[in-house]
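Undergrad: Dropping in run-v7.cif, which is mmCIF, C-alpha atoms:
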```cif
data_query
#
loop_
_atom_site.label_atom_id
_atom_site.label_comp_id
_atom_site.auth_asym_id
_atom_site.auth_seq_id
_atom_site.Cartn_x
_atom_site.Cartn_y
_atom_site.Cartn_z
CA MET M 1 -95.23 144.20 75.25
CA PRO M 2 -98.02 143.06 72.86
CA PRO M 3 -97.20 140.42 70.25
CA ARG M 4 -95.85 141.64 66.91
CA SER M 5 -98.49 141.78 64.20
CA THR M 6 -95.97 141.25 61.37
CA PRO M 7 -92.77 139.51 62.44
CA THR M 8 -89.92 139.54 59.93
CA ALA M 9 -88.72 136.40 58.18
CA ARG M 10 -85.66 136.43 60.44
CA GLN M 11 -87.79 136.67 63.60
CA LYS M 12 -89.97 133.83 62.33
CA ARG M 13 -86.88 131.73 61.65
CA LEU M 14 -85.59 132.18 65.19
CA GLY M 15 -88.93 131.11 66.59
CA ALA M 16 -89.18 128.17 64.20
CA GLU M 17 -85.74 126.91 65.26
CA LEU M 18 -86.74 127.11 68.92
CA ARG M 19 -89.89 125.13 68.20
CA LYS M 20 -87.96 122.56 66.17
CA MET M 21 -85.48 122.17 69.03
CA ARG M 22 -88.27 121.75 71.59
CA LEU M 23 -90.08 119.13 69.53
CA ALA M 24 -86.83 117.23 68.90
CA ALA M 25 -86.34 117.11 72.67
CA GLY M 26 -89.89 115.85 73.17
CA MET M 27 -90.79 118.76 75.44
CA SER M 28 -94.18 120.45 75.79
CA THR M 29 -95.01 124.16 75.67
CA GLY M 30 -95.85 123.85 79.35
CA TYR M 31 -92.34 122.59 80.10
CA ALA M 32 -90.80 125.48 78.13
CA ALA M 33 -93.03 127.98 79.92
CA GLY M 34 -91.93 126.57 83.26
CA LEU M 35 -88.27 127.01 82.34
CA LEU M 36 -88.82 130.68 81.56
CA ASP M 37 -91.45 131.30 84.27
CA VAL M 38 -93.95 132.69 81.76
CA PRO M 39 -97.56 131.77 80.89
CA ARG M 40 -97.79 128.75 78.62
CA THR M 41 -99.46 130.91 75.94
CA ASN M 42 -96.24 132.92 75.60
CA ILE M 43 -94.37 129.99 74.07
CA PRO M 44 -96.39 129.76 70.81
CA ASN M 45 -95.91 133.50 70.34
CA MET M 46 -92.15 133.14 70.81
CA GLU M 47 -92.03 130.17 68.44
CA SER M 48 -93.94 132.03 65.73
CA GLY M 49 -91.76 135.13 66.00
CA ARG M 50 -94.65 137.23 67.28
CA SER M 51 -92.93 137.77 70.62
CA GLY M 52 -89.28 138.56 71.21
CA ILE M 53 -86.98 136.47 73.36
CA SER M 54 -83.71 137.37 75.05
CA ALA M 55 -80.39 135.67 74.32
CA ALA M 56 -80.29 134.42 77.91
CA ARG M 57 -83.66 132.73 77.50
CA VAL M 58 -82.57 131.17 74.21
CA ARG M 59 -79.62 129.63 76.03
CA THR M 60 -81.85 128.46 78.88
CA LEU M 61 -84.19 126.68 76.48
CA ALA M 62 -81.39 125.20 74.38
CA GLY M 63 -79.54 123.94 77.45
CA ASN M 64 -82.61 122.27 78.88
CA TYR M 65 -83.58 120.84 75.50
CA GLY M 66 -80.18 119.16 75.40
CA CYS M 67 -78.95 120.82 72.20
CA PRO M 68 -75.29 119.75 71.75
CA ASP M 69 -74.37 122.30 69.05
CA GLN M 70 -72.81 125.28 70.83
CA ALA M 71 -72.13 127.21 67.61
CA PHE M 72 -75.81 126.86 66.67
CA ILE M 73 -76.92 128.04 70.11
CA ASP M 74 -74.56 131.03 69.89
CA ALA M 75 -75.99 131.94 66.48
CA LEU M 76 -79.57 131.78 67.79
CA ALA M 77 -78.59 133.87 70.82
CA ALA M 78 -77.03 136.44 68.49
CA MET M 79 -80.27 136.61 66.50
CA ALA M 80 -82.22 137.13 69.72
CA SER M 81 -79.84 139.92 70.75
CA GLU M 82 -80.49 141.98 67.63
CA ARG M 83 -82.10 145.21 68.71
CA GLY M 84 -82.94 148.37 66.90
CA LYS M 85 -83.97 148.70 63.30
CA GLY M 86 -82.02 148.13 60.12
CA TRP M 87 -81.97 150.63 57.28
CA TRP M 88 -84.71 148.61 55.53
CA ASP M 89 -87.19 149.45 58.29
CA THR M 90 -87.49 152.97 56.89
CA TYR M 91 -89.45 151.35 54.06
CA ARG M 92 -91.94 149.60 56.35
CA GLY M 93 -95.42 150.56 55.25
CA GLN M 94 -94.17 151.64 51.83
CA LEU M 95 -93.09 148.30 50.35
CA PRO M 96 -94.23 144.67 50.62
CA ARG M 97 -92.78 143.07 53.74
CA ALA M 98 -91.00 140.39 51.72
CA LEU M 99 -88.80 143.00 50.03
CA LEU M 100 -87.62 144.15 53.46
CA ASP M 101 -86.95 140.51 54.36
CA ILE M 102 -84.64 140.21 51.32
CA ALA M 103 -82.58 143.19 52.48
CA GLU M 104 -82.39 141.81 56.02
CA LEU M 105 -81.37 138.38 54.70
CA GLU M 106 -78.55 139.87 52.63
CA TRP M 107 -77.36 142.07 55.49
CA HIS M 108 -76.91 139.17 57.92
CA ALA M 109 -75.44 136.70 55.42
CA VAL M 110 -71.75 135.81 55.56
CA ALA M 111 -71.85 134.63 51.93
CA LEU M 112 -74.27 134.91 49.01
CA ARG M 113 -74.45 132.56 46.04
CA ILE M 114 -76.69 133.92 43.28
CA ALA M 115 -77.83 132.41 39.99
CA VAL M 116 -79.91 134.38 37.46
CA THR M 117 -81.12 133.72 33.93
CA ILE M 118 -83.30 136.68 32.91
CA HIS M 119 -82.83 139.68 35.21
CA LEU M 120 -79.36 140.65 36.39
CA PRO M 121 -78.93 140.35 40.18
CA GLY M 122 -80.60 143.12 42.17
CA LEU M 123 -77.45 143.78 44.21
CA LEU M 124 -75.48 144.44 41.01
CA GLN M 125 -78.06 146.58 39.19
CA THR M 126 -77.58 150.19 38.18
CA GLU M 127 -80.35 152.66 38.90
CA ALA M 128 -81.31 152.98 35.23
CA TYR M 129 -81.45 149.21 34.70
CA ALA M 130 -83.51 148.69 37.87
CA ARG M 131 -85.93 151.42 36.84
CA ALA M 132 -86.42 149.70 33.49
CA VAL M 133 -87.06 146.34 35.17
CA PHE M 134 -89.62 147.84 37.56
CA GLY M 135 -91.28 149.50 34.58
CA HIS M 136 -92.44 146.05 33.43
CA VAL M 137 -94.13 145.06 36.71
CA ILE M 138 -97.79 144.03 36.36
CA PRO M 139 -99.95 145.72 37.50
CA GLN M 140 -98.02 148.86 36.63
CA LEU M 141 -96.50 150.57 39.65
CA THR M 142 -97.50 154.10 40.57
CA ASP M 143 -94.74 156.68 40.38
CA SER M 144 -94.40 156.75 44.17
CA ASP M 145 -94.28 152.94 44.44
CA LEU M 146 -91.70 152.72 41.66
CA ASP M 147 -89.53 155.37 43.32
CA ALA M 148 -89.74 153.55 46.68
CA ARG M 149 -88.74 150.21 45.13
CA LEU M 150 -85.91 151.85 43.23
CA MET M 151 -84.53 153.60 46.33
CA HIS M 152 -84.79 150.36 48.31
CA ARG M 153 -82.92 148.41 45.62
CA MET M 154 -80.14 150.99 45.51
CA ASP M 155 -79.95 151.02 49.32
CA ARG M 156 -79.50 147.23 49.31
CA ARG M 157 -76.06 147.81 47.79
CA GLN M 158 -74.89 149.12 51.19
CA VAL M 159 -74.06 145.54 52.12
CA LEU M 160 -71.37 145.51 49.40
CA GLU M 161 -69.78 148.70 50.70
CA ARG M 162 -69.51 147.99 54.41
CA PRO M 163 -66.12 147.06 55.98
CA ASP M 164 -67.07 143.38 56.34
CA PRO M 165 -69.15 142.57 53.25
CA PRO M 166 -70.32 139.03 52.55
CA THR M 167 -68.60 137.14 49.78
CA VAL M 168 -70.80 137.25 46.68
CA ASP M 169 -70.53 134.55 44.01
CA VAL M 170 -72.80 135.26 41.05
CA ILE M 171 -73.65 133.01 38.09
CA ILE M 172 -75.27 134.88 35.20
CA HIS M 173 -76.66 133.24 32.09
CA GLU M 174 -75.87 134.93 28.80
CA ALA M 175 -79.57 135.63 28.26
CA ALA M 176 -79.63 138.00 31.25
CA LEU M 177 -76.62 139.85 29.84
CA ARG M 178 -78.23 140.29 26.43
CA ILE M 179 -81.78 141.35 27.30
CA GLU M 180 -81.71 145.13 26.86
CA PHE M 181 -83.87 146.42 29.70
CA GLY M 182 -83.88 150.19 29.25
CA GLY M 183 -82.23 150.09 25.84
CA THR M 184 -78.69 149.74 24.53
CA ALA M 185 -77.10 152.58 26.50
CA THR M 186 -78.59 151.30 29.76
CA ILE M 187 -77.43 147.71 29.31
CA ARG M 188 -73.98 148.86 28.16
CA ALA M 189 -73.61 150.89 31.38
CA GLN M 190 -74.97 147.96 33.36
CA LEU M 191 -72.40 145.57 31.95
CA ALA M 192 -69.63 148.06 32.72
CA HIS M 193 -70.90 148.26 36.30
CA ILE M 194 -70.81 144.46 36.67
CA LEU M 195 -67.27 144.37 35.31
CA GLU M 196 -66.20 147.01 37.82
CA LEU M 197 -67.77 145.10 40.71
CA SER M 198 -66.22 141.82 39.56
CA GLU M 199 -62.77 143.28 40.21
CA ARG M 200 -63.50 143.47 43.93
CA GLN M 201 -61.95 140.78 46.08
CA HIS M 202 -65.24 139.65 47.64
CA ILE M 203 -67.29 139.53 44.42
CA VAL M 204 -66.99 136.75 41.81
CA VAL M 205 -68.96 136.82 38.56
CA ARG M 206 -69.29 133.75 36.34
CA VAL M 207 -71.11 133.51 33.00
CA ILE M 208 -72.92 130.56 31.43
CA PRO M 209 -72.83 131.06 27.63
CA PHE M 210 -75.68 129.96 25.38
CA LYS M 211 -73.41 127.29 23.87
CA GLU M 212 -73.43 125.39 27.17
CA GLY M 213 -77.00 124.33 26.42
CA GLY M 214 -79.33 123.21 29.20
CA PHE M 215 -78.52 123.46 32.88
CA PRO M 216 -80.15 122.76 36.28
CA GLY M 217 -82.74 125.29 37.47
CA ALA M 218 -83.13 126.94 34.05
CA GLY M 219 -85.51 129.89 34.28
CA GLN M 220 -85.22 130.20 38.05
CA SER M 221 -83.40 132.91 39.99
CA VAL M 222 -81.82 131.65 43.23
CA VAL M 223 -80.09 133.34 46.14
CA TYR M 224 -78.38 131.07 48.67
CA ALA M 225 -77.59 133.05 51.82
CA SER M 226 -75.07 131.37 54.10
CA ALA M 227 -75.44 132.19 57.78
CA SER M 228 -72.81 132.06 60.52
CA VAL M 229 -73.76 128.37 60.94
CA PRO M 230 -75.01 126.18 58.05
CA ALA M 231 -78.15 125.17 59.96
CA LEU M 232 -79.42 128.76 59.60
CA ASP M 233 -78.83 129.10 55.85
CA VAL M 234 -81.72 130.36 53.71
CA VAL M 235 -82.63 130.06 50.03
CA GLU M 236 -84.58 132.90 48.43
CA LEU M 237 -86.39 132.23 45.15
CA ASP M 238 -87.53 135.11 42.98
CA ALA M 239 -91.08 134.66 41.71
CA THR M 240 -93.60 136.89 39.95
CA HIS M 241 -95.84 136.90 43.02
CA GLY M 242 -92.92 137.78 45.30
CA PRO M 243 -89.93 136.12 46.96
CA GLU M 244 -90.12 132.71 48.63
CA PHE M 245 -87.83 131.68 51.50
CA LEU M 246 -86.78 128.04 52.02
CA ASP M 247 -84.78 126.61 54.90
CA THR M 248 -85.37 122.89 55.40
CA ASP M 249 -82.32 120.62 55.26
CA ILE M 250 -83.56 118.91 52.09
CA GLN M 251 -84.27 122.21 50.32
CA LEU M 252 -80.89 123.68 51.28
CA ALA M 253 -79.06 120.57 50.09
CA LYS M 254 -80.96 120.63 46.79
CA TYR M 255 -80.04 124.22 46.00
CA ARG M 256 -76.42 123.80 47.08
CA ALA M 257 -76.18 120.90 44.64
CA GLN M 258 -77.91 122.93 41.93
CA LEU M 259 -75.53 125.86 42.35
CA ASP M 260 -72.54 123.51 42.38
CA ALA M 261 -73.75 122.01 39.10
CA LEU M 262 -74.28 125.46 37.58
CA GLN M 263 -70.77 126.49 38.55
CA THR M 264 -69.32 123.59 36.58
CA ARG M 265 -71.12 124.90 33.47
CA ALA M 266 -69.95 128.48 33.91
CA LEU M 267 -66.82 130.16 32.60
CA ALA M 268 -64.05 130.94 35.07
CA PRO M 269 -64.13 134.48 36.55
CA ALA M 270 -61.40 135.85 34.24
CA GLU M 271 -63.03 134.28 31.17
CA SER M 272 -66.38 135.65 32.31
CA ARG M 273 -65.01 139.20 32.49
CA THR M 274 -63.64 138.83 28.97
CA PHE M 275 -67.00 137.47 27.78
CA ILE M 276 -68.90 140.45 29.28
CA SER M 277 -66.36 142.94 27.87
CA ASN M 278 -66.70 141.47 24.38
CA LEU M 279 -70.47 141.50 24.63
CA ALA M 280 -70.50 145.16 25.71
CA ARG M 281 -68.35 146.11 22.72
CA GLN M 282 -70.85 144.41 20.39
CA LEU M 283 -73.71 146.61 21.59
#
```
Could you rewrite the structure in this file as structure tokens?
TA:
Amino acid sequence: MPPRSTPTARQKRLGAELRKMRLAAGMSTGYAAGLLDVPRTNIPNMESGRSGISAARVRTLAGNYGCPDQAFIDALAAMASERGKGWWDTYRGQLPRALLDIAELEWHAVALRIAVTIHLPGLLQTEAYARAVFGHVIPQLTDSDLDARLMHRMDRRQVLERPDPPTVDVIIHEAALRIEFGGTATIRAQLAHILELSERQHIVVRVIPFKEGGFPGAGQSVVYASASVPALDVVELDATHGPEFLDTDIQLAKYRAQLDALQTRALAPAESRTFISNLARQL
């Protein structure tokens, strides 16, 4: 099978972890190739995500690299075992690859911690609100591109409806609640939608009021996706040029600390629901 031309972020992550493990063990690509009985040139392709690797081969490499973390090895093997396409693959060729990577990241997460200051979280958006947000993209989207992005954003909500959804803990600054994308009726319906979702057992919504003043990460939207093992966690940052994915130990620790600090500034979930209800009545 020829190498993939465009591996997903998740496929790249699997390969990167295999490379990190090999380098930590002080092993060469030739040694790894010998373990798997493949040409040495196959190893860089596996470690870049351009070539697939079986779960059995992941375990062979990890065992011979001396990795002591069985839970980590199991998680990598599970990633290698993923076959078939997710729902997001129907958008391949229609949307930027990074948007598909966001959907895949959310789908495989066991928990999501989200902090937003301007736009309300994509997973919690109504169709009308999302359409209004996409209407401000520069350069302006064509009608077909806007419709594809809108359908993709609505499809992302499938992760909240499945039998085993991830826990979702959202921190929303008051500014994001007040900016009327789409007008008063749209934001009123959007706030009602968030209130409805916040009643679900696996979704927590917290609000940071204006009166709290400054806070860490002001102006930055953050999604912290927890994996089945902490070593495979990912941070996704929302930027004008597109999403960025971070996964080094230092970066993960930084954003965990930032979200922890934000949580101390936010209202409790019950108080947050009251805050949003009062705000909606003022509109």
Undergrad: Can you tell me how far atom CA of Gly15 of chain M sits from atom CA of Met46 of chain M, in Å to one decimal?
TA: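 Taking atom CA of Gly15 of chain M and atom CA of Met46 of chain M, their separation equals 5.7 Å.
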Undergrad: Of the candidates M:Thr184, M:Ser5, M:Ser144, M:Asp247, which shows the shortest atom-to-atom distance to Ala132 of chain M, using only C-alpha atoms?
TA: M:Thr184
Undergrad: Within 10 Å of Glu104 of chain M, counting all atoms listed in the file, which residues show up once you throw out same-chain ones fewer than 3 positions away? Write them as a PyMOL selection string, please.
TA: chain M and resi 8-10+86-89+98-101+107-109+156+159
Undergrad: Could you tell me how far atom CA of Asp238 of chain M lies from atom CA of Val223 of chain M, in Å and to one decimal?
TA: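 About the pair atom CA of Asp238 of chain M and atom CA of Val223 of chain M: they are 8.3 Å apart.
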Undergrad: With only C-alpha atoms counted and 12 Å as the cut-off, give the residues of segment 39-137 of chain M in contact with segment 202-218 of chain M, each with its shortest interatomic distance in Å and the pair that gives it, as a tab-separated table.
TA:
```
residue	atom	partner	partner_atom	distance
M:Val110	CA	M:His202	CA	10.9
M:Ala111	CA	M:His202	CA	9.3
M:Leu112	CA	M:Ile203	CA	9.5
M:Arg113	CA	M:Val204	CA	9.5
M:Ile114	CA	M:Val205	CA	9.5
M:Ala115	CA	M:Gly217	CA	9.0
M:Val116	CA	M:Ala218	CA	8.8
M:Thr117	CA	M:Ala218	CA	7.1
M:Ile118	CA	M:Ala218	CA	9.8
M:Leu120	CA	M:Val205	CA	11.3
M:Pro121	CA	M:Val205	CA	10.7
M:Leu123	CA	M:Ile203	CA	11.0
M:Leu124	CA	M:Ile203	CA	10.1
```
Undergrad: By how many Å are atom CA of Ala130 of chain M and atom CA of Leu150 of chain M apart?
TA: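 Between atom CA of Ala130 of chain M and atom CA of Leu150 of chain M the gap is 6.7 Å.
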Undergrad: Selected by the PyMOL selection byres ((chain M and resi 198) around 10) in the shown coordinates: which residues, as an MDAnalysis selection string?
TA: chainID M and resid 124 168:170 192:197 199:206 269:270 272:273
Undergrad: Please rebuild segment 191-218 of chain M with N, CA and C atoms and return the result as a CSV table (one decimal), in the coordinates of the input.
TA:
```csv
chain,number,residue,atom,x,y,z
M,191,LEU,N,-73.5,146.5,32.1
M,191,LEU,CA,-72.4,145.6,32.0
M,191,LEU,C,-71.1,146.1,32.5
M,192,ALA,N,-70.8,147.4,32.2
M,192,ALA,CA,-69.6,148.1,32.7
M,192,ALA,C,-69.6,148.1,34.2
M,193,HIS,N,-70.8,148.3,34.8
M,193,HIS,CA,-70.9,148.3,36.3
M,193,HIS,C,-70.6,146.9,36.9
M,194,ILE,N,-71.1,145.8,36.2
M,194,ILE,CA,-70.8,144.5,36.7
M,194,ILE,C,-69.3,144.2,36.6
M,195,LEU,N,-68.7,144.6,35.5
M,195,LEU,CA,-67.3,144.4,35.3
M,195,LEU,C,-66.5,145.1,36.4
M,196,GLU,N,-66.9,146.3,36.7
M,196,GLU,CA,-66.2,147.0,37.8
M,196,GLU,C,-66.3,146.3,39.1
M,197,LEU,N,-67.5,145.8,39.5
M,197,LEU,CA,-67.8,145.1,40.7
M,197,LEU,C,-67.0,143.8,40.7
M,198,SER,N,-66.9,143.1,39.6
M,198,SER,CA,-66.2,141.8,39.6
M,198,SER,C,-64.7,141.9,39.9
M,199,GLU,N,-64.2,143.1,39.9
M,199,GLU,CA,-62.8,143.3,40.2
M,199,GLU,C,-62.6,143.3,41.7
M,200,ARG,N,-63.6,143.4,42.5
M,200,ARG,CA,-63.5,143.5,43.9
M,200,ARG,C,-63.2,142.1,44.5
M,201,GLN,N,-62.4,142.1,45.5
M,201,GLN,CA,-62.0,140.8,46.1
M,201,GLN,C,-63.1,139.9,46.5
M,202,HIS,N,-64.2,140.5,47.1
M,202,HIS,CA,-65.2,139.6,47.6
M,202,HIS,C,-66.4,139.4,46.7
M,203,ILE,N,-66.2,139.8,45.4
M,203,ILE,CA,-67.3,139.5,44.4
M,203,ILE,C,-66.7,138.7,43.2
M,204,VAL,N,-67.4,137.6,42.9
M,204,VAL,CA,-67.0,136.8,41.8
M,204,VAL,C,-68.2,136.7,40.9
M,205,VAL,N,-67.9,136.9,39.6
M,205,VAL,CA,-69.0,136.8,38.6
M,205,VAL,C,-68.6,135.7,37.6
M,206,ARG,N,-69.5,134.8,37.3
M,206,ARG,CA,-69.3,133.8,36.3
M,206,ARG,C,-70.4,133.8,35.3
M,207,VAL,N,-70.1,133.5,34.1
M,207,VAL,CA,-71.1,133.5,33.0
M,207,VAL,C,-71.3,132.1,32.4
M,208,ILE,N,-72.6,131.8,32.2
M,208,ILE,CA,-72.9,130.6,31.4
M,208,ILE,C,-73.3,131.0,30.0
M,209,PRO,N,-72.5,130.7,29.0
M,209,PRO,CA,-72.8,131.1,27.6
M,209,PRO,C,-74.0,130.2,27.1
M,210,PHE,N,-74.6,130.7,26.1
M,210,PHE,CA,-75.7,130.0,25.4
M,210,PHE,C,-75.2,128.6,24.9
M,211,LYS,N,-73.9,128.5,24.5
M,211,LYS,CA,-73.4,127.3,23.9
M,211,LYS,C,-73.3,126.1,24.9
M,212,GLU,N,-73.5,126.4,26.2
M,212,GLU,CA,-73.4,125.4,27.2
M,212,GLU,C,-74.7,124.6,27.2
M,213,GLY,N,-75.8,125.1,26.5
M,213,GLY,CA,-77.0,124.3,26.4
M,213,GLY,C,-77.8,124.4,27.7
M,214,GLY,N,-78.5,123.3,28.0
M,214,GLY,CA,-79.3,123.2,29.2
M,214,GLY,C,-78.5,123.1,30.5
M,215,PHE,N,-79.2,123.5,31.6
M,215,PHE,CA,-78.5,123.5,32.9
M,215,PHE,C,-79.6,123.4,34.0
M,216,PRO,N,-79.2,122.9,35.2
M,216,PRO,CA,-80.2,122.8,36.3
M,216,PRO,C,-80.8,124.1,36.7
M,217,GLY,N,-82.1,124.1,37.0
M,217,GLY,CA,-82.7,125.3,37.5
M,217,GLY,C,-82.9,126.3,36.4
M,218,ALA,N,-83.0,126.0,35.1
M,218,ALA,CA,-83.1,126.9,34.0
M,218,ALA,C,-84.4,127.7,34.3
```
